[in-house]
Structure formats: C-alpha cells, structure tokens
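What follows is a single structure, written as structure tokens, with notes after it.
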Amino acid sequence: MLADFGVLDGFGHVSMRHPTNPNHFLMARSLAPALVTADDIMEFDLDGNAVDARGRTVFLERFIHSEIYRARPDVMSVVHTHSPGVIPFSVTKVPLRAMFHNPSFLAGGVPVWDIRKDFGDTDMLVSNPALGKSLAQTLGDKPVVLMRGHGDVTVGPSVKMAVFRAYYTDVNAKLQSQAIALGGEVTYLTPGEGEKGDKINFIVIDRIWNLWRMRILPTLAK
C-alpha cells in the first residue's frame, strides 16, 4: 500500500510485533517493499537477531524496530519511510503540525531526532542498538518521530494504524508546505482537536483500509 502511494520506494520497511511472543517481531528480509511476499517475512528478537535467517539478508536498520518495541509495549507495528514530504520538516526549524482531521495524531507534537547530536558524523543509518535506543527515546510516547535528513518513523497499536499514520504524515507534510507557501498565518489543529480527531480515526480506519486493499489486490494477483 505504501509503495503504491509513493510513501515507500525501494527503501523503508514495515514490521509488526509477533502476535504470540511480544519479545519478537516480524519484518521482511532486505527487499524493496513492493516486492515483499509472505515467504520473505522473517522473525527477529528485540536484539535485532533473526530467529531463522536461512541465508537471507536483513535490513541494516532493523534496530529502529527492535528498540521501539523494547521501549514501547503499546506499539504493535512500526513503519520507517523516507517519504519526500517530511524531509523538509526534518532539516528546518519549521515544526510539522496537524493540518486537518485525518492526520490529527500529529497535533500533540512531532519530535525530530538528530543522529549527529550524540553520535557525530555517521552514515545516517540506524544500524546498531545504541542508535535505535536513542531514536526510541526521542519518539517517547508520540506516534511519529522525524529523522533529520533521513525520513520518519510512525508507530501504532496495529499494522493498519501504523500504515495509516505513515501515509497521512506524508500527506500532511505536503499540504503544510503548500499552505506555508501561500503566505499568511496558517490555522492548525489544537492538541484537543487532535486528540478527539484521532479517536475517530480508529473507528473509521477499515473504510480507508479496505479501499487501499482493493487498489493493490490486482497487483498482488500478478
């Protein structure tokens, strides 16, 4: 779904906490998201170790997922994207703020993690547990964290909600850039509006999820 919308391209990844073992999670082998099939899904522990690698390559940034699952028992799914809309907000002093009701989960604030702050010059990748832990700490109790010069991470209590948030974070970022470019003062959602709006997201998510599913089913059949 995220590849279909251009939120993910050849990079980025989606994971979910293991349904019966909360100390493990499921994520694809190192592969472009649009190419992933059920046979590519692997199981990992919270140290980022593959349970049964069978020679398959793994994502360098699996520690984004492992350390967030370790820090956030409430999180059941993690999405990491390099979505184009969010990058400008990760490298400027302009905060990403909720523009309308679908991305209302942004109204509580969106932290920005800067890898250079504690780790100096790096390759910008979250390739070890220390980096993942630092990112998880910046995420805190929020649903989204931006990564300076890199992308973002969205989390949720389900795969559906984490994907929903990844998509609408990118949509919101593009709309906010457009609104700022128009000039004048922009009216954003208040934290109270965001909290109330996000409750509705949980009620109506299957409506959009089923539409997205219908869009990609023909491609999966091929």
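In the structure tokens, chains take letters A, B, ... by order of appearance, with residues numbered from 1 within each chain and ligands from 1 in the order shown.
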Residues near Gly197 of chain A, anyone? I mean within 8 Å using only C-alpha atoms, not counting same-chain ones fewer than 6 positions away, as a list in words.
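What passes the distance filter is His101, Asn102, Ser104 and Phe105 of chain A.
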Could the residues in this selection be saved with C-alpha atoms as a CSV table (one decimal), in the first residue's frame?
chain,number,residue,atom,x,y,z
A,101,HIS,CA,-8.6,15.7,10.8
A,102,ASN,CA,-7.0,12.6,9.2
A,104,SER,CA,-4.9,14.7,13.8
A,105,PHE,CA,-2.4,12.4,15.6
Go through segment 74-183 of chain A residue by residue and, counting only C-alpha atoms, keep those with an atom at most 12 Å from segment 53-59 of chain A; for each kept residue give the shortest atom pair and its distance in Å to one decimal, ordered by chain and increasing number, as CSV.
residue,atom,partner,partner_atom,distance
A:His80,CA,A:Phe59,CA,11.5
A:Leu125,CA,A:Phe59,CA,10.6
A:Val126,CA,A:Phe59,CA,10.1
A:Ser127,CA,A:Phe59,CA,8.7
A:Asn128,CA,A:Phe59,CA,11.1
Output N, CA and C atoms of each residue in that selection to a file, as a PDB file, in the first residue's frame.
ATOM      1  N   HIS A  80       8.969   2.632   8.867  1.00  0.00           N
ATOM      2  CA  HIS A  80      10.029   3.601   8.610  1.00  0.00           C
ATOM      3  C   HIS A  80      10.004   3.979   7.140  1.00  0.00           C
ATOM      4  N   LEU A 125      22.390   6.062   9.052  1.00  0.00           N
ATOM      5  CA  LEU A 125      21.570   4.865   9.195  1.00  0.00           C
ATOM      6  C   LEU A 125      21.531   4.403  10.644  1.00  0.00           C
ATOM      7  N   VAL A 126      20.387   3.889  11.070  1.00  0.00           N
ATOM      8  CA  VAL A 126      20.216   3.369  12.435  1.00  0.00           C
ATOM      9  C   VAL A 126      20.631   1.900  12.409  1.00  0.00           C
ATOM     10  N   SER A 127      21.932   1.688  12.474  1.00  0.00           N
ATOM     11  CA  SER A 127      22.490   0.364  12.203  1.00  0.00           C
ATOM     12  C   SER A 127      23.008  -0.376  13.430  1.00  0.00           C
ATOM     13  N   ASN A 128      22.668   0.101  14.632  1.00  0.00           N
ATOM     14  CA  ASN A 128      23.042  -0.634  15.843  1.00  0.00           C
ATOM     15  C   ASN A 128      22.053  -0.298  16.955  1.00  0.00           C
TER      16      ASN A 128
END
Select from segment 62-98 of chain A everything DSSP, run on the backbone, classes as strand (DSSP E or B), then give the selection as a PyMOL selection string.
chain A and resi 77-81
Distance query Gly48 of chain A at most 7 Å, only C-alpha atoms, self and fewer than 6 positions along chain excluded, as an MDAnalysis selection string
chainID A and resid 62:63 66
Same residues, all heavy atoms, saved as a compact mmCIF listing (two decimals), in the first residue's frame:
# COMPACT_ATOMS: atom_id res chain seq x y z
N ARG A 62 17.10 -2.56 11.12
CA ARG A 62 16.11 -3.31 11.91
C ARG A 62 16.10 -2.86 13.37
O ARG A 62 15.13 -3.10 14.09
CB ARG A 62 16.40 -4.81 11.83
CG ARG A 62 17.76 -5.23 12.37
CD ARG A 62 18.11 -6.65 11.94
NE ARG A 62 19.40 -7.12 12.47
CZ ARG A 62 20.58 -6.82 11.92
NH1 ARG A 62 20.65 -6.03 10.86
NH2 ARG A 62 21.69 -7.29 12.45
N PHE A 63 17.14 -2.17 13.80
CA PHE A 63 17.22 -1.70 15.19
C PHE A 63 16.25 -0.54 15.46
O PHE A 63 15.94 -0.26 16.62
CB PHE A 63 18.65 -1.30 15.53
CG PHE A 63 19.63 -2.43 15.30
CD1 PHE A 63 20.45 -2.42 14.18
CD2 PHE A 63 19.69 -3.51 16.16
CE1 PHE A 63 21.34 -3.47 13.94
CE2 PHE A 63 20.57 -4.56 15.94
CZ PHE A 63 21.39 -4.54 14.82
N SER A 66 13.42 -2.90 16.61
CA SER A 66 13.66 -3.66 17.84
C SER A 66 13.67 -2.76 19.07
O SER A 66 13.09 -3.10 20.11
CB SER A 66 14.99 -4.42 17.73
OG SER A 66 16.09 -3.55 17.55
Go through A:Ile115, A:Val51, A:Met99, A:Val94 and flag the residue nearest Lys133 of chain A, using only C-alpha atoms for the distances.
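Looking only at the distances to Lys133 of chain A, the closest residue turns out to be A:Ile115.
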Using DSSP assignments from the backbone, pull out every residue in segment 47-162 of chain A that falls under alpha helix (DSSP H) and give it to me as a PyMOL selection string.
chain A and resi 62-71+87-91+115-119+129-139+159-162
What lies within 7 Å of segment 11-15 of chain A using only C-alpha atoms, ignoring chain neighbours under 2 positions off, as a list in words?
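So, after excluding close chain neighbours, the residues are Leu8, Asp9, Arg17, Phe25, Leu26, Met27, Ala32, Pro33, Ser77, Val78, Val79, His80, Thr81 and His82 of chain A.
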Output file for the residues above (N, CA and C atoms, as a compact mmCIF listing (two decimals), in the first residue's frame):
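Output below, filename again_33.txt:
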# COMPACT_ATOMS: atom_id res chain seq x y z
N LEU A 8 6.71 4.82 0.30
CA LEU A 8 7.91 3.99 0.26
C LEU A 8 8.31 3.81 -1.20
N ASP A 9 9.62 3.77 -1.44
CA ASP A 9 10.10 3.42 -2.78
C ASP A 9 10.89 2.12 -2.67
N ARG A 17 4.75 -6.48 15.78
CA ARG A 17 5.14 -7.30 16.92
C ARG A 17 4.55 -8.70 16.74
N PHE A 25 9.51 -9.75 16.80
CA PHE A 25 8.72 -9.03 15.80
C PHE A 25 8.95 -9.64 14.43
N LEU A 26 8.06 -9.31 13.50
CA LEU A 26 8.10 -9.84 12.15
C LEU A 26 8.38 -8.72 11.17
N MET A 27 9.32 -8.97 10.24
CA MET A 27 9.68 -7.98 9.24
C MET A 27 10.26 -8.72 8.04
N ALA A 32 12.99 -4.49 -1.55
CA ALA A 32 12.13 -3.34 -1.81
C ALA A 32 10.70 -3.66 -1.37
N PRO A 33 10.03 -2.76 -0.66
CA PRO A 33 8.71 -3.06 -0.10
C PRO A 33 7.69 -3.61 -1.09
N SER A 77 3.12 -2.13 15.80
CA SER A 77 3.62 -2.03 14.43
C SER A 77 4.46 -0.78 14.28
N VAL A 78 5.50 -0.88 13.44
CA VAL A 78 6.43 0.23 13.19
C VAL A 78 6.62 0.36 11.68
N VAL A 79 6.58 1.60 11.19
CA VAL A 79 6.84 1.88 9.78
C VAL A 79 7.95 2.91 9.69
N HIS A 80 8.97 2.63 8.87
CA HIS A 80 10.03 3.60 8.61
C HIS A 80 10.00 3.98 7.14
N THR A 81 9.89 5.28 6.85
CA THR A 81 9.85 5.74 5.47
C THR A 81 10.86 6.85 5.23
N HIS A 82 11.13 7.09 3.96
CA HIS A 82 11.90 8.24 3.53
C HIS A 82 10.98 9.16 2.73
Using only C-alpha atoms, which residues sit within 7 Å of Val110 of chain A once same-chain residues fewer than 3 positions away are excluded, as a ChimeraX atom specification?
/A:96,106,144-145
